>>> print(open('final29.cif').read())   # mmCIF, N, CA and C atoms
data_model
#
loop_
_atom_site.label_atom_id
_atom_site.label_comp_id
_atom_site.auth_asym_id
_atom_site.auth_seq_id
_atom_site.Cartn_x
_atom_site.Cartn_y
_atom_site.Cartn_z
N MET A 1452 5.44 27.64 6.88
CA MET A 1452 4.90 26.49 6.20
C MET A 1452 5.50 26.42 4.80
N ARG A 1453 5.94 25.22 4.41
CA ARG A 1453 6.54 25.04 3.10
C ARG A 1453 5.51 25.08 1.99
N LYS A 1454 5.86 25.75 0.94
CA LYS A 1454 4.98 25.84 -0.22
C LYS A 1454 5.15 24.58 -1.07
N ILE A 1455 4.05 24.07 -1.60
CA ILE A 1455 4.09 22.88 -2.46
C ILE A 1455 4.49 23.33 -3.86
N SER A 1456 5.43 22.61 -4.43
CA SER A 1456 5.89 22.95 -5.78
C SER A 1456 4.78 22.69 -6.79
N LYS A 1457 4.91 23.30 -7.94
CA LYS A 1457 3.94 23.11 -9.02
C LYS A 1457 3.87 21.64 -9.41
N LYS A 1458 5.03 21.02 -9.49
CA LYS A 1458 5.12 19.60 -9.87
C LYS A 1458 4.37 18.73 -8.86
N ARG A 1459 4.62 18.97 -7.57
CA ARG A 1459 3.97 18.17 -6.54
C ARG A 1459 2.47 18.44 -6.51
N SER A 1460 2.10 19.68 -6.72
CA SER A 1460 0.68 20.03 -6.76
C SER A 1460 -0.02 19.25 -7.87
N GLN A 1461 0.61 19.14 -9.02
CA GLN A 1461 0.05 18.38 -10.14
C GLN A 1461 -0.04 16.89 -9.78
N GLN A 1462 1.01 16.38 -9.12
CA GLN A 1462 1.00 14.97 -8.69
C GLN A 1462 -0.14 14.72 -7.73
N LEU A 1463 -0.39 15.65 -6.82
CA LEU A 1463 -1.49 15.48 -5.85
C LEU A 1463 -2.85 15.51 -6.53
N LYS A 1464 -3.00 16.32 -7.57
CA LYS A 1464 -4.26 16.33 -8.32
C LYS A 1464 -4.48 14.97 -8.99
N GLU A 1465 -3.42 14.44 -9.57
CA GLU A 1465 -3.51 13.12 -10.21
C GLU A 1465 -3.81 12.04 -9.16
N TYR A 1466 -3.20 12.16 -8.00
CA TYR A 1466 -3.43 11.19 -6.92
C TYR A 1466 -4.90 11.22 -6.49
N LYS A 1467 -5.47 12.40 -6.42
CA LYS A 1467 -6.89 12.52 -6.06
C LYS A 1467 -7.77 11.79 -7.07
N LYS A 1468 -7.44 11.90 -8.36
CA LYS A 1468 -8.18 11.18 -9.39
C LYS A 1468 -8.05 9.67 -9.20
N ILE A 1469 -6.86 9.23 -8.90
CA ILE A 1469 -6.61 7.79 -8.71
C ILE A 1469 -7.41 7.28 -7.52
N THR A 1470 -7.38 8.01 -6.41
CA THR A 1470 -8.11 7.55 -5.22
C THR A 1470 -9.62 7.61 -5.44
N SER A 1471 -10.08 8.60 -6.19
CA SER A 1471 -11.51 8.67 -6.52
C SER A 1471 -11.92 7.47 -7.36
N ASN A 1472 -11.05 7.07 -8.26
CA ASN A 1472 -11.29 5.89 -9.09
C ASN A 1472 -11.39 4.63 -8.22
N ILE A 1473 -10.52 4.52 -7.23
CA ILE A 1473 -10.58 3.39 -6.31
C ILE A 1473 -11.92 3.39 -5.56
N GLU A 1474 -12.32 4.57 -5.08
CA GLU A 1474 -13.60 4.70 -4.37
C GLU A 1474 -14.76 4.22 -5.26
N GLU A 1475 -14.75 4.67 -6.51
CA GLU A 1475 -15.81 4.30 -7.44
C GLU A 1475 -15.81 2.80 -7.72
N ARG A 1476 -14.64 2.23 -7.95
CA ARG A 1476 -14.54 0.79 -8.20
C ARG A 1476 -15.05 -0.01 -7.00
N LYS A 1477 -14.75 0.47 -5.80
CA LYS A 1477 -15.23 -0.20 -4.59
C LYS A 1477 -16.76 -0.11 -4.50
N LYS A 1478 -17.31 1.04 -4.80
CA LYS A 1478 -18.77 1.22 -4.79
C LYS A 1478 -19.44 0.30 -5.82
N GLN A 1479 -18.78 0.08 -6.94
CA GLN A 1479 -19.31 -0.78 -8.00
C GLN A 1479 -19.19 -2.27 -7.65
N GLY A 1480 -18.58 -2.56 -6.51
CA GLY A 1480 -18.52 -3.95 -6.06
C GLY A 1480 -17.21 -4.67 -6.33
N GLU A 1481 -16.22 -3.95 -6.85
CA GLU A 1481 -14.93 -4.61 -7.08
C GLU A 1481 -14.32 -5.04 -5.75
N LYS A 1482 -13.78 -6.24 -5.74
CA LYS A 1482 -13.16 -6.78 -4.53
C LYS A 1482 -11.68 -6.44 -4.53
N PHE A 1483 -11.21 -5.95 -3.40
CA PHE A 1483 -9.80 -5.67 -3.20
C PHE A 1483 -9.25 -6.61 -2.13
N VAL A 1484 -8.08 -7.13 -2.37
CA VAL A 1484 -7.43 -8.03 -1.42
C VAL A 1484 -6.34 -7.26 -0.69
N CYS A 1485 -6.34 -7.33 0.61
CA CYS A 1485 -5.32 -6.67 1.43
C CYS A 1485 -3.97 -7.31 1.13
N ILE A 1486 -3.01 -6.51 0.70
CA ILE A 1486 -1.67 -7.02 0.37
C ILE A 1486 -1.00 -7.62 1.61
N PHE A 1487 -1.41 -7.19 2.77
CA PHE A 1487 -0.80 -7.68 4.00
C PHE A 1487 -1.33 -9.06 4.40
N CYS A 1488 -2.62 -9.15 4.71
CA CYS A 1488 -3.17 -10.40 5.25
C CYS A 1488 -3.75 -11.32 4.19
N GLY A 1489 -4.05 -10.79 3.00
CA GLY A 1489 -4.59 -11.60 1.92
C GLY A 1489 -6.09 -11.77 1.93
N ASP A 1490 -6.78 -11.16 2.90
CA ASP A 1490 -8.24 -11.24 2.96
C ASP A 1490 -8.88 -10.12 2.15
N ILE A 1491 -10.15 -10.31 1.78
CA ILE A 1491 -10.90 -9.29 1.07
C ILE A 1491 -11.11 -8.10 2.01
N VAL A 1492 -10.93 -6.90 1.49
CA VAL A 1492 -11.16 -5.67 2.25
C VAL A 1492 -12.65 -5.34 2.11
N GLN A 1493 -13.36 -5.36 3.22
CA GLN A 1493 -14.81 -5.16 3.18
C GLN A 1493 -15.17 -3.68 3.24
N GLN A 1494 -15.27 -3.13 4.43
CA GLN A 1494 -15.76 -1.77 4.61
C GLN A 1494 -14.62 -0.75 4.67
N ALA A 1495 -14.18 -0.48 5.86
CA ALA A 1495 -13.14 0.53 6.05
C ALA A 1495 -11.84 0.07 5.40
N TYR A 1496 -11.15 1.01 4.81
CA TYR A 1496 -9.88 0.67 4.19
C TYR A 1496 -8.96 1.88 4.16
N GLU A 1497 -7.71 1.59 3.94
CA GLU A 1497 -6.71 2.62 3.74
C GLU A 1497 -5.92 2.25 2.50
N LYS A 1498 -5.12 3.19 2.04
CA LYS A 1498 -4.27 2.92 0.88
C LYS A 1498 -2.82 2.85 1.35
N HIS A 1499 -2.11 1.86 0.85
CA HIS A 1499 -0.70 1.70 1.21
C HIS A 1499 0.14 1.80 -0.05
N HIS A 1500 1.16 2.63 0.00
CA HIS A 1500 2.10 2.79 -1.10
C HIS A 1500 3.27 1.85 -0.82
N LEU A 1501 3.26 0.73 -1.48
CA LEU A 1501 4.24 -0.32 -1.21
C LEU A 1501 5.68 0.18 -1.29
N MET A 1502 5.98 1.01 -2.25
CA MET A 1502 7.35 1.48 -2.46
C MET A 1502 7.58 2.90 -1.94
N GLY A 1503 6.60 3.47 -1.26
CA GLY A 1503 6.72 4.84 -0.77
C GLY A 1503 5.91 5.80 -1.63
N ARG A 1504 6.00 7.09 -1.28
CA ARG A 1504 5.19 8.10 -1.97
C ARG A 1504 6.03 9.21 -2.60
N GLU A 1505 7.32 9.00 -2.68
CA GLU A 1505 8.20 10.03 -3.23
C GLU A 1505 8.11 10.09 -4.75
N GLU A 1506 8.24 11.30 -5.25
CA GLU A 1506 8.29 11.55 -6.69
C GLU A 1506 7.17 10.80 -7.45
N LYS A 1507 7.57 10.01 -8.46
CA LYS A 1507 6.60 9.32 -9.32
C LYS A 1507 5.89 8.17 -8.62
N LEU A 1508 6.43 7.72 -7.49
CA LEU A 1508 5.81 6.59 -6.79
C LEU A 1508 4.43 6.93 -6.25
N LEU A 1509 4.17 8.19 -5.96
CA LEU A 1509 2.87 8.58 -5.41
C LEU A 1509 1.73 8.09 -6.30
N ASN A 1510 1.90 8.20 -7.60
CA ASN A 1510 0.81 7.87 -8.53
C ASN A 1510 1.04 6.58 -9.30
N ASN A 1511 1.98 5.79 -8.88
CA ASN A 1511 2.22 4.51 -9.56
C ASN A 1511 1.25 3.47 -9.00
N GLU A 1512 0.22 3.18 -9.77
CA GLU A 1512 -0.83 2.28 -9.30
C GLU A 1512 -0.36 0.84 -9.16
N ASP A 1513 0.80 0.50 -9.72
CA ASP A 1513 1.35 -0.85 -9.54
C ASP A 1513 1.78 -1.08 -8.10
N TYR A 1514 2.02 0.00 -7.38
CA TYR A 1514 2.49 -0.10 -6.00
C TYR A 1514 1.50 0.49 -4.98
N LEU A 1515 0.29 0.74 -5.40
CA LEU A 1515 -0.74 1.30 -4.52
C LEU A 1515 -1.78 0.22 -4.21
N PHE A 1516 -1.99 -0.05 -2.92
CA PHE A 1516 -2.87 -1.15 -2.53
C PHE A 1516 -3.89 -0.69 -1.50
N VAL A 1517 -5.08 -1.25 -1.62
CA VAL A 1517 -6.15 -1.07 -0.64
C VAL A 1517 -5.89 -2.10 0.46
N VAL A 1518 -5.87 -1.63 1.71
CA VAL A 1518 -5.53 -2.52 2.83
C VAL A 1518 -6.47 -2.28 4.01
N HIS A 1519 -6.53 -3.28 4.90
CA HIS A 1519 -7.27 -3.11 6.15
C HIS A 1519 -6.53 -2.10 7.03
N PRO A 1520 -7.26 -1.22 7.70
CA PRO A 1520 -6.61 -0.25 8.59
C PRO A 1520 -5.74 -0.92 9.66
N MET A 1521 -6.22 -2.00 10.26
CA MET A 1521 -5.44 -2.66 11.32
C MET A 1521 -4.17 -3.30 10.76
N CYS A 1522 -4.26 -3.90 9.58
CA CYS A 1522 -3.06 -4.49 8.96
C CYS A 1522 -2.04 -3.40 8.65
N HIS A 1523 -2.52 -2.27 8.17
CA HIS A 1523 -1.66 -1.14 7.84
C HIS A 1523 -0.97 -0.64 9.11
N PHE A 1524 -1.74 -0.52 10.17
CA PHE A 1524 -1.19 -0.07 11.46
C PHE A 1524 -0.12 -1.05 11.95
N LYS A 1525 -0.42 -2.34 11.88
CA LYS A 1525 0.55 -3.34 12.34
C LYS A 1525 1.83 -3.29 11.52
N TYR A 1526 1.69 -3.14 10.21
CA TYR A 1526 2.88 -3.08 9.34
C TYR A 1526 3.82 -1.95 9.76
N HIS A 1527 3.25 -0.80 10.06
CA HIS A 1527 4.07 0.36 10.38
C HIS A 1527 4.46 0.47 11.85
N ASN A 1528 3.80 -0.28 12.75
CA ASN A 1528 4.01 -0.04 14.18
C ASN A 1528 4.33 -1.25 15.05
N HIS A 1529 4.30 -2.45 14.51
CA HIS A 1529 4.55 -3.63 15.33
C HIS A 1529 5.79 -4.38 14.88
N PRO A 1530 6.48 -5.03 15.82
CA PRO A 1530 7.60 -5.89 15.43
C PRO A 1530 7.09 -7.06 14.58
N ILE A 1531 7.85 -7.43 13.59
CA ILE A 1531 7.45 -8.48 12.65
C ILE A 1531 7.11 -9.79 13.36
N LYS A 1532 7.82 -10.10 14.41
CA LYS A 1532 7.57 -11.38 15.09
C LYS A 1532 6.15 -11.48 15.66
N TYR A 1533 5.45 -10.35 15.77
CA TYR A 1533 4.08 -10.35 16.27
C TYR A 1533 3.03 -10.22 15.16
N ILE A 1534 3.47 -10.20 13.90
CA ILE A 1534 2.54 -10.04 12.79
C ILE A 1534 2.30 -11.40 12.14
N TRP A 1535 1.12 -11.95 12.36
CA TRP A 1535 0.82 -13.32 11.93
C TRP A 1535 0.83 -13.50 10.41
N TRP A 1536 0.58 -12.45 9.65
CA TRP A 1536 0.46 -12.58 8.20
C TRP A 1536 1.76 -12.28 7.45
N TRP A 1537 2.86 -12.05 8.16
CA TRP A 1537 4.09 -11.60 7.51
C TRP A 1537 4.57 -12.53 6.38
N ASP A 1538 4.61 -13.83 6.63
CA ASP A 1538 5.10 -14.76 5.60
C ASP A 1538 4.20 -14.76 4.36
N GLY A 1539 2.89 -14.69 4.56
CA GLY A 1539 1.97 -14.61 3.44
C GLY A 1539 2.15 -13.31 2.66
N TYR A 1540 2.39 -12.24 3.38
CA TYR A 1540 2.65 -10.94 2.77
C TYR A 1540 3.89 -11.04 1.86
N LEU A 1541 4.94 -11.66 2.36
CA LEU A 1541 6.15 -11.82 1.54
C LEU A 1541 5.84 -12.58 0.26
N GLY A 1542 5.01 -13.60 0.36
CA GLY A 1542 4.62 -14.36 -0.83
C GLY A 1542 3.85 -13.51 -1.82
N ARG A 1543 3.01 -12.60 -1.30
CA ARG A 1543 2.21 -11.75 -2.19
C ARG A 1543 3.05 -10.67 -2.88
N ILE A 1544 4.12 -10.21 -2.23
CA ILE A 1544 4.93 -9.16 -2.85
C ILE A 1544 6.09 -9.70 -3.68
N LYS A 1545 6.32 -11.00 -3.61
CA LYS A 1545 7.49 -11.58 -4.29
C LYS A 1545 7.54 -11.25 -5.78
N ASN A 1546 6.41 -11.28 -6.46
CA ASN A 1546 6.40 -11.03 -7.90
C ASN A 1546 6.18 -9.56 -8.27
N ILE A 1547 6.09 -8.70 -7.27
CA ILE A 1547 5.86 -7.29 -7.55
C ILE A 1547 7.18 -6.56 -7.82
N ASP A 1548 8.15 -6.76 -6.92
CA ASP A 1548 9.45 -6.11 -7.09
C ASP A 1548 10.50 -6.91 -6.33
N ASP A 1549 11.47 -7.41 -7.05
CA ASP A 1549 12.50 -8.29 -6.48
C ASP A 1549 13.31 -7.62 -5.36
N LYS A 1550 13.77 -6.40 -5.60
CA LYS A 1550 14.59 -5.69 -4.60
C LYS A 1550 13.78 -5.40 -3.35
N PHE A 1551 12.54 -4.97 -3.53
CA PHE A 1551 11.70 -4.68 -2.38
C PHE A 1551 11.41 -5.95 -1.60
N TYR A 1552 11.11 -7.05 -2.29
CA TYR A 1552 10.87 -8.33 -1.63
C TYR A 1552 12.09 -8.72 -0.79
N HIS A 1553 13.26 -8.59 -1.36
CA HIS A 1553 14.49 -8.96 -0.64
C HIS A 1553 14.65 -8.09 0.61
N ARG A 1554 14.41 -6.79 0.47
CA ARG A 1554 14.53 -5.88 1.61
C ARG A 1554 13.54 -6.24 2.70
N GLU A 1555 12.29 -6.53 2.32
CA GLU A 1555 11.28 -6.88 3.31
C GLU A 1555 11.59 -8.23 3.98
N SER A 1556 12.08 -9.18 3.20
CA SER A 1556 12.38 -10.50 3.78
C SER A 1556 13.54 -10.41 4.77
N MET A 1557 14.43 -9.47 4.58
CA MET A 1557 15.57 -9.29 5.50
C MET A 1557 15.12 -8.77 6.87
N LYS A 1558 13.98 -8.10 6.93
CA LYS A 1558 13.48 -7.56 8.19
C LYS A 1558 13.23 -8.65 9.21
N LYS A 1559 12.83 -9.82 8.74
CA LYS A 1559 12.51 -10.91 9.67
C LYS A 1559 13.78 -11.48 10.31
N GLN A 1560 14.91 -11.30 9.68
CA GLN A 1560 16.16 -11.84 10.19
C GLN A 1560 16.78 -10.96 11.26
N LYS A 1561 16.23 -9.77 11.47
CA LYS A 1561 16.77 -8.85 12.48
C LYS A 1561 16.41 -9.26 13.88
#
>>> encode(input="final29.cif", output="structure tokens")
Amino acid sequence: MRKISKKRSQQLKEYKKITSNIEERKKQGEKFVCIFCGDIVQQAYEKHHLMGREEKLLNNEDYLFVVHPMCHFKYHNHPIKYIWWWDGYLGRIKNIDDKFYHRESMKKQK
């Protein structure tokens, strides 16, 4: 089993604080919108790292989103042509990161 580096261990501690903060904000009644479908996330939710979880991205809250479990599953496991919210998703990520938006929009052309 690979040992976790000191740096990564520290990042994971910080990530736990960030996710605890999300939990608390949700309990306090803050509304989160699913980056995928655009609807309010009610009960069950997952966290999606829009740009990945490598290095500093793990704790970059600009790219961390609360999402519906089913939307998250569809994003990672279904062909785009079967995902009804794909175009709306592209609209929601357009102002987040230009390069990422371009990469995601190219997926539909495949």
>>> atom_distance(input="final29.cif", atom1="atom CA of Asp1549 of chain A", atom2="atom CA of Cys1522 of chain A")
22.2 Å
>>> resolve_selection(input="final29.cif", expression="the PyMOL selection byres (((chain A and resi 1494 and name CA) around 12) and name CA)", output="list in words")
Glu1474, Lys1477, Lys1478, Gly1480, Lys1482, Phe1483, Cys1485, Ile1491, Val1492, Gln1493, Ala1495, Tyr1496, Glu1497, Val1517, Val1518, His1519 and Pro1520 of chain A
>>> residues_around(input="final29.cif", residues="Leu1463 of chain A", least_positions_apart="3", cutoff="12 Å", atoms="only C-alpha atoms", output="PyMOL selection string")
chain A and resi 1455-1460+1466-1470+1504-1510
>>> residues_around(input="final29.cif", residues="Ile1534 of chain A", least_positions_apart="3", cutoff="10 Å", atoms="only C-alpha atoms", output="PyMOL selection string")
chain A and resi 1487-1488+1522+1525-1526+1529-1531+1537-1538
>>> atom_distance(input="final29.cif", atom1="atom CA of Tyr1552 of chain A", atom2="atom CA of Met1502 of chain A")
10.5 Å
>>> atom_distance(input="final29.cif", atom1="atom CA of Trp1535 of chain A", atom2="atom CA of Ile1473 of chain A")
27.2 Å
>>> axis_aligned_box(input="final29.cif", around="segment 1452-1462 of chain A", padding_each_side="4 Å", output="JSON")
{"center_x": 3.2, "center_y": 21.2, "center_z": -1.6, "size_x": 14.7, "size_y": 20.9, "size_z": 25.0}
>>> select_by_dssp(input="final29.cif", residues="chain A", states="strand (DSSP E)", output="PyMOL selection string")
chain A and resi 1497-1500+1515-1518
>>> select_by_dssp(input="final29.cif", residues="chain A", states="helix (DSSP H, G or I)", output="PyMOL selection string")
chain A and resi 1457-1478+1506-1510+1512-1514+1520-1528+1531-1533+1537-1544+1549-1558
>>> resolve_selection(input="final29.cif", expression="the PyMOL selection byres ((chain A and resi 1500) around 6)", output="list in words")
Lys1498, His1499, Leu1501, Met1502, Gly1503, Arg1504, Tyr1514, Leu1515 and Phe1516 of chain A
>>> resolve_selection(input="final29.cif", expression="the PyMOL selection byres (((chain A and resi 1544 and name CA) around 10) and name CA)", output="PyMOL selection string")
chain A and resi 1486-1487+1501+1514+1539-1543+1545-1549+1551-1553+1555
